[in-house]
Every structure is written in C-alpha cells, then in structure tokens.
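> Enclosed is the structure file final_4.cif (mmCIF, C-alpha atoms and all ligand atoms).
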```cif
data_start
#
loop_
_atom_site.group_PDB
_atom_site.id
_atom_site.type_symbol
_atom_site.label_atom_id
_atom_site.label_comp_id
_atom_site.auth_asym_id
_atom_site.auth_seq_id
_atom_site.Cartn_x
_atom_site.Cartn_y
_atom_site.Cartn_z
ATOM 1 C CA MET A 21 11.111 -18.881 -1.326
ATOM 2 C CA GLU A 22 9.453 -19.373 -4.692
ATOM 3 C CA ILE A 23 5.900 -18.813 -5.779
ATOM 4 C CA SER A 24 4.287 -19.885 -9.043
ATOM 5 C CA LYS A 25 2.233 -17.397 -10.995
ATOM 6 C CA ARG A 26 0.721 -17.344 -14.433
ATOM 7 C CA PHE A 27 1.509 -14.471 -16.736
ATOM 8 C CA ASP A 28 -0.168 -14.379 -20.161
ATOM 9 C CA SER A 29 -1.165 -18.036 -19.547
ATOM 10 C CA ILE A 30 2.478 -19.065 -19.036
ATOM 11 C CA ALA A 31 3.507 -20.385 -15.620
ATOM 12 C CA ARG A 32 6.388 -18.439 -14.103
ATOM 13 C CA LYS A 33 8.342 -18.799 -10.920
ATOM 14 C CA ILE A 34 8.831 -15.681 -8.825
ATOM 15 C CA LYS A 35 11.677 -15.742 -6.324
ATOM 16 C CA ILE A 36 11.193 -13.974 -3.009
ATOM 17 C CA VAL A 37 14.572 -13.475 -1.372
ATOM 18 C CA SER A 38 15.627 -11.741 1.810
ATOM 19 C CA TYR A 39 18.485 -9.235 2.017
ATOM 20 C CA SER A 40 18.603 -9.295 5.821
ATOM 21 C CA ILE A 41 17.978 -11.992 8.412
ATOM 22 C CA THR A 42 15.799 -11.652 11.507
ATOM 23 C CA ASP A 43 14.574 -14.133 14.153
ATOM 24 C CA LYS A 44 11.046 -13.895 12.798
ATOM 25 C CA LEU A 45 12.057 -14.429 9.174
ATOM 26 C CA PRO A 46 10.524 -17.927 8.617
ATOM 27 C CA GLU A 47 7.193 -16.826 10.115
ATOM 28 C CA GLU A 48 7.149 -13.559 8.166
ATOM 29 C CA MET A 49 8.071 -15.279 4.897
ATOM 30 C CA GLY A 50 5.181 -17.700 5.510
ATOM 31 C CA LYS A 51 2.741 -14.821 5.938
ATOM 32 C CA LEU A 52 4.050 -13.062 2.863
ATOM 33 C CA LYS A 53 3.737 -16.227 0.802
ATOM 34 C CA ILE A 54 0.014 -16.367 1.613
ATOM 35 C CA PHE A 55 -0.238 -12.649 0.926
ATOM 36 C CA PHE A 56 1.307 -13.093 -2.536
ATOM 37 C CA MET A 57 -1.082 -16.011 -3.175
ATOM 38 C CA LEU A 58 -3.973 -13.624 -2.473
ATOM 39 C CA MET A 59 -2.627 -11.347 -5.180
ATOM 40 C CA GLY A 60 -3.494 -13.876 -7.877
ATOM 41 C CA ASP A 61 -1.689 -14.079 -11.206
ATOM 42 C CA ILE A 62 0.348 -11.349 -12.820
ATOM 43 C CA LYS A 63 -1.808 -8.919 -14.709
ATOM 44 C CA SER A 64 -0.110 -6.974 -17.428
ATOM 45 C CA LEU A 65 -0.684 -3.220 -17.291
ATOM 46 C CA HIS A 66 0.252 -2.929 -20.923
ATOM 47 C CA GLY A 67 1.741 -5.182 -23.585
ATOM 48 C CA LYS A 68 5.419 -4.363 -23.518
ATOM 49 C CA GLN A 69 5.902 -4.556 -19.795
ATOM 50 C CA LYS A 70 9.094 -6.219 -18.562
ATOM 51 C CA PHE A 71 8.987 -8.167 -15.333
ATOM 52 C CA ARG A 72 11.769 -9.068 -12.988
ATOM 53 C CA ASP A 73 11.551 -12.541 -11.529
ATOM 54 C CA THR A 74 12.859 -11.663 -8.065
ATOM 55 C CA LEU A 75 11.492 -9.575 -5.244
ATOM 56 C CA THR A 76 14.001 -8.722 -2.513
ATOM 57 C CA LEU A 77 12.746 -8.140 1.010
ATOM 58 C CA HIS A 78 14.603 -6.309 3.770
ATOM 59 C CA PRO A 79 12.951 -7.610 6.989
ATOM 60 C CA GLN A 80 15.412 -5.782 9.225
ATOM 61 C CA TRP A 81 13.266 -2.712 8.525
ATOM 62 C CA ASN A 82 9.873 -4.368 8.933
ATOM 63 C CA CYS A 83 7.827 -2.330 11.356
ATOM 64 C CA ILE A 84 4.464 -2.376 13.126
ATOM 65 C CA TYR A 85 2.994 1.102 13.478
ATOM 66 C CA SER A 86 0.752 1.274 16.544
ATOM 67 C CA ILE A 87 0.677 2.815 20.018
ATOM 68 C CA ASP A 88 2.189 -0.416 21.431
ATOM 69 C CA HIS A 89 4.893 -0.792 18.809
ATOM 70 C CA THR A 90 6.376 2.047 16.741
ATOM 71 C CA TYR A 91 4.497 5.281 17.224
ATOM 72 C CA TRP A 92 4.993 9.037 17.126
ATOM 73 C CA ASP A 93 2.712 12.041 17.359
ATOM 74 C CA GLY A 94 2.757 14.706 14.651
ATOM 75 C CA SER A 95 5.468 14.938 12.026
ATOM 76 C CA LEU A 96 8.478 12.671 12.651
ATOM 77 C CA ASN A 97 11.663 14.516 13.563
ATOM 78 C CA ASP A 98 14.357 11.823 13.602
ATOM 79 C CA GLY A 99 17.075 13.781 11.798
ATOM 80 C CA ARG A 100 16.535 11.985 8.471
ATOM 81 C CA ASP A 101 16.063 14.290 5.499
ATOM 82 C CA ARG A 102 12.654 13.646 3.871
ATOM 83 C CA SER A 103 12.559 17.077 2.260
ATOM 84 C CA ASN A 104 9.876 19.616 3.062
ATOM 85 C CA GLN A 105 7.118 17.038 3.461
ATOM 86 C CA PRO A 106 6.060 15.775 6.907
ATOM 87 C CA TYR A 107 5.984 12.055 7.755
ATOM 88 C CA TYR A 108 3.128 11.041 10.064
ATOM 89 C CA CYS A 109 2.891 7.675 11.800
ATOM 90 C CA PRO A 110 0.896 5.265 9.582
ATOM 91 C CA VAL A 111 -0.976 3.860 12.598
ATOM 92 C CA GLY A 112 -2.628 0.496 12.059
ATOM 93 C CA TRP A 113 -0.301 -0.753 9.332
ATOM 94 C CA LYS A 114 2.600 -3.155 9.235
ATOM 95 C CA ARG A 115 5.448 -2.483 6.839
ATOM 96 C CA TYR A 116 7.145 -5.319 5.000
ATOM 97 C CA SER A 117 10.285 -3.562 3.803
ATOM 98 C CA LEU A 118 11.725 -4.054 0.347
ATOM 99 C CA TYR A 119 15.422 -3.895 -0.434
ATOM 100 C CA VAL A 120 16.169 -0.988 -2.765
ATOM 101 C CA THR A 121 19.889 -0.312 -2.651
ATOM 102 C CA ASP A 122 22.920 -0.207 -0.376
ATOM 103 C CA LYS A 123 23.556 3.204 1.195
ATOM 104 C CA PHE A 124 19.833 3.938 0.957
ATOM 105 C CA ASP A 125 19.887 6.999 3.251
ATOM 106 C CA GLU A 126 22.685 8.567 1.218
ATOM 107 C CA LYS A 127 21.090 7.924 -2.161
ATOM 108 C CA PHE A 128 17.546 8.895 -1.223
ATOM 109 C CA LYS A 129 18.337 11.824 1.073
ATOM 110 C CA GLY A 130 15.629 14.419 0.620
ATOM 111 C CA TRP A 131 13.044 12.049 -0.924
ATOM 112 C CA CYS A 132 9.630 12.172 0.728
ATOM 113 C CA ILE A 133 7.437 9.279 1.842
ATOM 114 C CA CYS A 134 4.066 8.757 0.180
ATOM 115 C CA TYR A 135 1.614 5.978 -0.566
ATOM 116 C CA HIS A 136 -0.076 4.311 -3.515
ATOM 117 C CA GLY A 137 -3.133 2.087 -3.202
ATOM 118 C CA THR A 138 -4.092 -0.549 -5.727
ATOM 119 C CA LYS A 139 -6.056 -3.735 -6.307
ATOM 120 C CA PHE A 140 -4.709 -7.162 -5.365
ATOM 121 C CA SER A 141 -4.585 -8.296 -8.981
ATOM 122 C CA TYR A 142 -2.148 -5.488 -9.891
ATOM 123 C CA GLY A 143 0.136 -5.958 -6.872
ATOM 124 C CA LEU A 144 2.723 -8.319 -8.304
ATOM 125 C CA SER A 145 2.758 -6.556 -11.632
ATOM 126 C CA ILE A 146 3.646 -3.287 -9.871
ATOM 127 C CA LEU A 147 6.160 -4.845 -7.485
ATOM 128 C CA LEU A 148 7.957 -6.669 -10.307
ATOM 129 C CA SER A 149 7.926 -3.903 -12.893
ATOM 130 C CA GLY A 150 6.739 -0.499 -11.678
ATOM 131 C CA LEU A 151 3.887 1.979 -11.667
ATOM 132 C CA ALA A 152 1.897 3.133 -14.672
ATOM 133 C CA PRO A 153 0.427 6.647 -14.971
ATOM 134 C CA ALA A 154 -3.202 7.049 -13.919
ATOM 135 C CA THR A 155 -5.953 6.627 -16.499
ATOM 136 C CA THR A 156 -8.158 9.194 -14.757
ATOM 137 C CA LYS A 157 -6.365 12.501 -14.682
ATOM 138 C CA ALA A 158 -8.263 14.767 -12.288
ATOM 139 C CA HIS A 159 -5.157 16.871 -11.651
ATOM 140 C CA GLY A 160 -3.180 16.233 -14.851
ATOM 141 C CA SER A 161 -1.215 13.293 -16.207
ATOM 142 C CA GLY A 162 1.177 11.397 -13.978
ATOM 143 C CA ILE A 163 1.243 8.875 -11.186
ATOM 144 C CA TYR A 164 -1.053 9.589 -8.248
ATOM 145 C CA LEU A 165 0.207 9.176 -4.711
ATOM 146 C CA SER A 166 -0.597 10.728 -1.358
ATOM 147 C CA SER A 167 1.222 11.505 1.863
ATOM 148 C CA SER A 168 -1.900 10.289 3.731
ATOM 149 C CA ILE A 169 -2.277 6.539 4.233
ATOM 150 C CA ILE A 170 -5.781 7.255 5.610
ATOM 151 C CA TYR A 171 -6.808 8.772 2.263
ATOM 152 C CA VAL A 172 -5.176 5.989 0.226
ATOM 153 C CA SER A 173 -6.863 3.276 2.346
ATOM 154 C CA HIS A 174 -10.271 4.172 0.847
ATOM 155 C CA PRO A 175 -11.494 1.219 -1.270
ATOM 156 C CA ARG A 176 -11.573 3.529 -4.300
ATOM 157 C CA PHE A 177 -7.766 3.240 -4.198
ATOM 158 C CA SER A 178 -6.925 0.246 -2.039
ATOM 159 C CA GLU A 179 -8.924 -2.972 -2.418
ATOM 160 C CA VAL A 180 -10.390 -4.599 0.688
ATOM 161 C CA LYS A 181 -10.056 -8.376 0.405
ATOM 162 C CA ARG A 182 -11.721 -11.041 2.515
ATOM 163 C CA ILE A 183 -9.231 -13.674 3.667
ATOM 164 C CA GLU A 184 -10.415 -17.192 2.828
ATOM 165 C CA SER A 185 -10.814 -19.379 5.913
ATOM 166 C CA SER A 186 -8.090 -21.856 4.877
ATOM 167 C CA TYR A 187 -5.528 -19.026 4.813
ATOM 168 C CA ARG A 188 -6.941 -17.521 7.976
ATOM 169 C CA GLU A 189 -6.304 -20.564 10.148
ATOM 170 C CA SER A 190 -2.718 -21.062 9.109
ATOM 171 C CA PHE A 191 -1.351 -17.555 9.205
ATOM 172 C CA PHE A 192 -3.685 -14.688 9.865
ATOM 173 C CA LYS A 193 -5.333 -15.958 13.062
ATOM 174 C CA SER A 194 -8.536 -13.980 13.588
ATOM 175 C CA GLY A 195 -7.893 -11.815 10.526
ATOM 176 C CA GLU A 196 -10.911 -11.568 8.225
ATOM 177 C CA TYR A 197 -9.939 -8.774 5.848
ATOM 178 C CA VAL A 198 -6.681 -7.508 4.409
ATOM 179 C CA GLN A 199 -5.644 -4.357 2.572
ATOM 180 C CA TYR A 200 -2.246 -3.339 1.315
ATOM 181 C CA ILE A 201 -0.693 -0.096 0.176
ATOM 182 C CA LEU A 202 2.687 0.567 -1.407
ATOM 183 C CA GLU A 203 5.050 2.775 0.556
ATOM 184 C CA CYS A 204 6.988 4.872 -1.933
ATOM 185 C CA ARG A 205 9.567 7.645 -2.023
ATOM 186 C CA VAL A 206 9.599 10.528 -4.466
ATOM 187 C CA HIS A 207 12.037 13.379 -4.917
ATOM 188 C CA PRO A 208 10.174 16.673 -4.342
ATOM 189 C CA ASP A 209 11.306 17.958 -7.760
ATOM 190 C CA ASN A 210 9.189 15.199 -9.326
ATOM 191 C CA ILE A 211 5.970 16.291 -7.604
ATOM 192 C CA LYS A 212 4.189 18.138 -10.431
ATOM 193 C CA ASN A 213 1.110 19.062 -8.496
ATOM 194 C CA ILE A 214 -0.257 18.815 -4.952
ATOM 195 C CA ALA A 215 -4.015 19.085 -5.144
ATOM 196 C CA CYS A 216 -7.385 18.519 -3.495
ATOM 197 C CA GLU A 217 -8.804 15.060 -2.760
ATOM 198 C CA THR A 218 -11.100 13.662 -5.453
ATOM 199 C CA LEU A 219 -13.654 11.741 -3.389
ATOM 200 C CA GLY A 220 -16.084 14.567 -2.646
ATOM 201 C CA ALA A 221 -15.093 14.839 0.998
ATOM 202 C CA ALA A 222 -15.583 18.611 1.291
ATOM 203 C CA SER A 223 -17.925 18.213 4.278
ATOM 204 C CA THR A 224 -15.500 16.130 6.327
ATOM 205 C CA THR A 225 -11.858 15.799 7.389
ATOM 206 C CA ILE A 226 -10.089 12.802 5.889
ATOM 207 C CA ASP A 227 -6.798 12.988 7.790
ATOM 208 C CA SER A 228 -6.498 15.266 10.820
ATOM 209 C CA ASN A 229 -2.791 15.805 10.006
ATOM 210 C CA ILE A 230 -3.202 16.838 6.380
ATOM 211 C CA SER A 231 -5.576 19.272 4.672
ATOM 212 C CA ASN A 232 -8.056 17.783 2.170
ATOM 213 C CA ASP A 233 -6.669 20.331 -0.311
ATOM 214 C CA THR A 234 -3.237 18.687 -0.406
ATOM 215 C CA LEU A 235 -4.058 14.970 -0.426
ATOM 216 C CA ASP A 236 -3.463 14.184 -4.102
ATOM 217 C CA TRP A 237 0.125 14.246 -5.334
ATOM 218 C CA VAL A 238 0.752 13.998 -9.072
ATOM 219 C CA ILE A 239 4.218 12.634 -9.812
ATOM 220 C CA ASN A 240 6.098 13.222 -13.045
ATOM 221 C CA HIS A 241 6.197 9.909 -14.930
ATOM 222 C CA GLN A 242 8.839 11.271 -17.338
ATOM 223 C CA ASN A 243 6.580 10.261 -20.237
ATOM 224 C CA LYS A 244 7.196 6.593 -19.519
ATOM 225 C CA GLN A 245 4.495 3.953 -19.802
ATOM 226 C CA ILE A 246 5.863 2.379 -16.628
ATOM 227 C CA VAL A 247 8.095 3.992 -14.020
ATOM 228 C CA ASP A 248 10.411 1.073 -13.284
ATOM 229 C CA PHE A 249 11.504 1.094 -9.639
ATOM 230 C CA ASN A 250 14.824 -0.452 -10.677
ATOM 231 C CA ASP A 251 15.667 2.345 -13.095
ATOM 232 C CA PRO A 252 18.369 4.492 -11.437
ATOM 233 C CA ASP A 253 16.602 7.611 -12.758
ATOM 234 C CA ALA A 254 13.106 6.565 -11.659
ATOM 235 C CA SER A 255 11.005 9.386 -10.226
ATOM 236 C CA ILE A 256 9.391 6.986 -7.734
ATOM 237 C CA ILE A 257 10.768 4.031 -5.829
ATOM 238 C CA CYS A 258 8.832 1.492 -3.765
ATOM 239 C CA THR A 259 10.278 0.878 -0.306
ATOM 240 C CA GLY A 260 7.693 -1.319 1.356
ATOM 241 C CA ILE A 261 4.367 -3.092 1.349
ATOM 242 C CA MET A 262 2.055 -1.709 4.035
ATOM 243 C CA VAL A 263 -0.438 -4.354 5.180
ATOM 244 C CA ARG A 264 -3.497 -3.951 7.423
ATOM 245 C CA ILE A 265 -5.254 -7.074 8.685
ATOM 246 C CA THR A 266 -8.534 -6.683 10.585
ATOM 247 C CA ASP A 267 -10.964 -9.018 12.360
ATOM 248 C CA ASN A 268 -13.953 -7.350 10.712
ATOM 249 C CA HIS A 269 -14.493 -5.045 7.732
ATOM 250 C CA PRO A 270 -12.074 -2.055 7.891
ATOM 251 C CA GLY A 271 -15.016 0.217 7.010
ATOM 252 C CA LEU A 272 -15.938 -0.145 10.715
ATOM 253 C CA LEU A 273 -12.700 1.454 11.914
ATOM 254 C CA PRO A 274 -13.000 4.997 13.320
ATOM 255 C CA GLU A 275 -10.470 6.217 10.705
ATOM 256 C CA SER A 276 -12.885 5.082 7.960
ATOM 257 C CA GLU A 277 -15.860 7.206 9.090
ATOM 258 C CA TRP A 278 -15.119 9.746 6.376
ATOM 259 C CA TRP A 279 -15.890 7.101 3.695
ATOM 260 C CA TYR A 280 -19.603 7.581 4.429
ATOM 261 C CA LYS A 281 -19.405 11.372 4.215
ATOM 262 C CA SER A 282 -17.699 11.283 0.825
ATOM 263 C CA HIS A 283 -17.894 8.668 -1.921
ATOM 264 C CA LEU A 284 -18.565 4.952 -1.471
ATOM 265 C CA CYS A 285 -20.463 3.012 -4.114
ATOM 266 C CA ASN A 286 -21.407 -0.572 -4.885
ATOM 267 C CA ASN A 287 -19.611 -0.651 -8.235
ATOM 268 C CA LYS A 288 -16.708 -3.050 -7.622
ATOM 269 C CA ILE A 289 -14.626 -1.520 -10.380
ATOM 270 C CA CYS A 290 -14.873 1.849 -8.644
ATOM 271 C CA CYS A 291 -14.907 0.991 -4.949
ATOM 272 C CA ALA A 292 -13.350 -2.419 -4.259
ATOM 273 C CA SER A 293 -14.714 -2.691 -0.727
ATOM 274 C CA GLY A 294 -15.259 -6.478 -0.780
ATOM 275 C CA ILE A 295 -18.705 -6.081 0.782
ATOM 276 C CA ASP A 296 -22.132 -4.788 -0.251
ATOM 277 C CA ARG A 297 -22.592 -1.198 0.888
ATOM 278 C CA ASP A 298 -25.949 -1.989 2.541
ATOM 279 C CA VAL A 299 -24.474 -4.942 4.436
ATOM 280 C CA LEU A 300 -21.683 -2.684 5.668
ATOM 281 C CA LYS A 301 -24.231 -0.023 6.651
ATOM 282 C CA ARG A 302 -26.152 -2.633 8.690
ATOM 283 C CA LEU A 303 -22.944 -3.659 10.506
ATOM 284 C CA ILE A 304 -22.402 0.001 11.401
ATOM 285 C CA ASP A 305 -26.025 0.492 12.514
ATOM 286 C CA ASN A 306 -25.758 -2.632 14.677
ATOM 287 C CA LYS A 307 -22.607 -1.198 16.293
ATOM 288 C CA HIS A 308 -20.243 -3.892 15.032
ATOM 289 C CA THR A 309 -16.615 -3.042 15.701
ATOM 290 C CA CYS A 310 -13.324 -3.843 14.025
ATOM 291 C CA ASN A 311 -9.876 -4.526 15.485
ATOM 292 C CA ILE A 312 -6.538 -4.419 13.754
ATOM 293 C CA ILE A 313 -4.487 -7.631 14.048
ATOM 294 C CA TYR A 314 -0.818 -6.836 14.512
ATOM 295 C CA ASP A 315 0.923 -10.200 14.817
HETATM 296 ZN ZN ZN B 401 -17.104 4.156 -6.032
#
```
Could you write out this file's structure as structure tokens?


Amino acid sequence: MEISKRFDSIARKIKIVSYSITDKLPEEMGKLKIFFMLMGDIKSLHGKQKFRDTLTLHPQWNCIYSIDHTYWDGSLNDGRDRSNQPYYCPVGWKRYSLYVTDKFDEKFKGWCICYHGTKFSYGLSILLSGLAPATTKAHGSGIYLSSSIIYVSHPRFSEVKRIESSYRESFFKSGEYVQYILECRVHPDNIKNIACETLGAASTTIDSNISNDTLDWVINHQNKQIVDFNDPDASIICTGIMVRITDNHPGLLPESEWWYKSHLCNNKICCASGIDRDVLKRLIDNKHTCNIIYD
C-alpha cells in the first residue's frame, strides 16, 4: 500500500508494507490507510531530520485489549522478561503492531513497555524517523514516556481527533473520535528519572495501577536530536500504534474523569481535545455516554 504525503512542499510516496499475513489484512490495511490520511502531511521536527519511506507492519501481533478480547488483571505474568516494570492491560485500545526485527524477544529481553502520546500532525514524522527530546523539561532533559496509557491518553499528550463523516462511513462505522498513542520499549538502564505526573492531579488518582508519583518517565536521548528507532543503539524503539475509536468524545469515558480534577484547558496548543471545554462539560452534565468501538 502506498500513501502520498507532502514534506517541505514536496510530494512523497510512503510505502506501508506488511511483514506477516492475516485473514483480516485487507480490512486492517484499509483502516490504517484512512488513519494515516488523518495524520496529514509530514511535519519536520527539525531541519536535518532523515525520513525512511517505508513503514513495516506486523499484523500477526495486532491485538484488541478489552474484557471480550485480550485482557488480564494486574501486572501481566506471561514469562516474558520486561524487566522490573509491570505491564498492565491497556484496556480500550487496539494495537497495530510494527515490525522491528527478527528474534524480537531475544533482542529486546528485559526492555519495558511504555507509551508516548502525540498530535496527529507529528505521527508520521515520528514513525518514519524517531522521537525528539521534549521541549518542556519538568523532570530534566530527555524523551518523556509513561507506563500508564491512561495518563498518556490525556489530550495534553495525545490529541483527540474528530473523524470526518466521509471516513466514518467507509471504515470506522459509528466511530466519531480517534486517538492514538505509540507503544514503545525502553531498556531500564535508559530510564534517567521516574517522576510525578505534571498535570496537577494531586487530588485524584489517574491510574489505579500506578502511583501518580511514578507516571512520568524521562528517557536518555543520548544527546541526539532524534532517537531513530532504526538505530541499533537506540534507547527507545516503537513497537506499535495504539488506537482508540469512540462513538462520542473520549472525555466522557469513566477512565477520563481525572481530566476534570487536574488540568484541561481550551488552548488547543496545550490540550488538543478537539472540543470546546464548555461543550464537553455540557455533555457530561447531560449524562451523555461514550462507547469504545473495537472492530
Ligand atoms: Zn491545557
């Protein structure tokens, strides 16, 4: 599959290829194509960035995390070594797996799972080149990730995007909003700092599995402007795109209640919630609900 994107006003073709074959591959590729369209053109994070022109998927490892699909309670104990960090079920999200390398389990034994949220316009840039260190450095310089997908799903980190009706009909059924988060792996030696959340949530619990005090992970970026996922010595690799599609605004989900007890503003550059805060508040007051769409 190929998609056309503009980068620095030049049209470029991006190839999306699949490392493994599944029965659902044509349907899933169709959905991903729309998803990559939603990401818009490639936005450079800084001038000298190098982009690959191919993204390799690994649909054999695609997974829906929900009570009716793949689910576990507490920290996963499946015999795989993810170091000293627990791995909780990212309920409500679907993983589109990316191909990283052969013998993945051998090479990344002991690397822990964590998440990085971003805006749609940066998605392809990150997937095709890598992650840049944060510009705000609450806990020191580096790349900010978290072991909590609930924390990362806040619109401060992960943009909420309304799905245009033309896309909705063809692929996302009753889906109205979409968010995505990058599933990453880091070696524990590259975690410089594990620190408190930065959204002023002291009066509430963000993730019942993980203390607010340990939600921000600062990863060593090895003084690079971009940590390229394809670099064999990269401190972070990206293993999947986590996608959540909902039939109403995800701010109405029970797992988003903490947004209103911490920080949520109307400045789109800060909180990319895709909706006016007062409109969202009215939906809550009028007891509107939100369902996650899994297929
Ligand atoms: Zn804000």

> Please give me, as a list in words, the residues lying within 6 Å of ligand ZN 401 (chain B) when counting only C-alpha atoms and all ligand atoms.

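Sorted by chain and then by number, the residues are Arg176, Leu284, Cys285, Asn287, Cys290 and Cys291 of chain A.
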
> Could the residues in this selection be written to a file with C-alpha atoms, as a compact mmCIF listing (two decimals), keeping the file's coordinate frame?


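Saved to result11.txt:
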```
# COMPACT_ATOMS: atom_id res chain seq x y z
CA ARG A 176 -11.57 3.53 -4.30
CA LEU A 284 -18.57 4.95 -1.47
CA CYS A 285 -20.46 3.01 -4.11
CA ASN A 287 -19.61 -0.65 -8.24
CA CYS A 290 -14.87 1.85 -8.64
CA CYS A 291 -14.91 0.99 -4.95
```

> Can you tell me which residues surround region 108-113 of chain A at a distance of at most 9 Å, considering all atoms listed in the file, apart from same-chain residues fewer than 2 positions away, and format the answer as a list in words?

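Answer for this query is Cys83, Ile84, Tyr85, Ser86, Ile87, Thr90, Tyr91, Trp92, Asp93, Gly94, Ser95, Leu96, Pro106, Arg115, Ser167, Ser168, Ile169, Ile170, Tyr200, Asn229, Met262, Val263, Arg264, Ile265, Ile312, Ile313 and Tyr314 of chain A.
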
> Keeping C-alpha atoms, export the residues of the selection given above as a PDB file, in the frame of the given file.


```pdb
ATOM      1  CA  CYS A  83       7.827  -2.330  11.356  1.00  0.00           C
ATOM      2  CA  ILE A  84       4.464  -2.376  13.126  1.00  0.00           C
ATOM      3  CA  TYR A  85       2.994   1.102  13.478  1.00  0.00           C
ATOM      4  CA  SER A  86       0.752   1.274  16.544  1.00  0.00           C
ATOM      5  CA  ILE A  87       0.677   2.815  20.018  1.00  0.00           C
ATOM      6  CA  THR A  90       6.376   2.047  16.741  1.00  0.00           C
ATOM      7  CA  TYR A  91       4.497   5.281  17.224  1.00  0.00           C
ATOM      8  CA  TRP A  92       4.993   9.037  17.126  1.00  0.00           C
ATOM      9  CA  ASP A  93       2.712  12.041  17.359  1.00  0.00           C
ATOM     10  CA  GLY A  94       2.757  14.706  14.651  1.00  0.00           C
ATOM     11  CA  SER A  95       5.468  14.938  12.026  1.00  0.00           C
ATOM     12  CA  LEU A  96       8.478  12.671  12.651  1.00  0.00           C
ATOM     13  CA  PRO A 106       6.060  15.775   6.907  1.00  0.00           C
ATOM     14  CA  ARG A 115       5.448  -2.483   6.839  1.00  0.00           C
ATOM     15  CA  SER A 167       1.222  11.505   1.863  1.00  0.00           C
ATOM     16  CA  SER A 168      -1.900  10.289   3.731  1.00  0.00           C
ATOM     17  CA  ILE A 169      -2.277   6.539   4.233  1.00  0.00           C
ATOM     18  CA  ILE A 170      -5.781   7.255   5.610  1.00  0.00           C
ATOM     19  CA  TYR A 200      -2.246  -3.339   1.315  1.00  0.00           C
ATOM     20  CA  ASN A 229      -2.791  15.805  10.006  1.00  0.00           C
ATOM     21  CA  MET A 262       2.055  -1.709   4.035  1.00  0.00           C
ATOM     22  CA  VAL A 263      -0.438  -4.354   5.180  1.00  0.00           C
ATOM     23  CA  ARG A 264      -3.497  -3.951   7.423  1.00  0.00           C
ATOM     24  CA  ILE A 265      -5.254  -7.074   8.685  1.00  0.00           C
ATOM     25  CA  ILE A 312      -6.538  -4.419  13.754  1.00  0.00           C
ATOM     26  CA  ILE A 313      -4.487  -7.631  14.048  1.00  0.00           C
ATOM     27  CA  TYR A 314      -0.818  -6.836  14.512  1.00  0.00           C
TER      28      TYR A 314
END
```

> Hey, can you pull every residue with an atom no more than 10 Å from (2.5, -5.8, -9.4), using only C-alpha atoms, and send it as an MDAnalysis selection string?

chainID A and resid 59 61:65 71 138:151

> Specify as a PyMOL selection string each residue included when the PyMOL selection byres (((chain A and resi 23-40) around 8) and not hetatm) is applied to this file.

chain A and resi 21-22+41-42+53+57+60-64+73-80+119

> Any idea what the distance is between CA of Ala254 (chain A) and CA of Cys134 (chain A)?

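Straight-line distance from CA of Ala254 (chain A) to CA of Cys134 (chain A) works out to 15.1 Å.
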
> Expand the PyMOL selection byres (((chain A and resi 195) around 9) and not hetatm) into the individual residues it matches in the shown file, reporting them as a ChimeraX atom specification.

/A:182-183,188-189,191-194,196-198,265-268,312-313

> Counting all atoms listed in the file, which of A:Lys181, A:Tyr164, A:His174, A:Ile201 gets nearest to Ala215 (chain A)?

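Looking only at the distances to Ala215 (chain A), the closest residue turns out to be A:Tyr164.
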
> If you measure from CA of Ile261 (chain A) to CA of Asn97 (chain A), what distance in Å do you get, rounded to one decimal?

22.6 Å

> Tell me, in Å to one decimal, how far CA of Ser228 (chain A) is from CA of Cys216 (chain A).

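Separating CA of Ser228 (chain A) from CA of Cys216 (chain A) is a distance of 14.7 Å.
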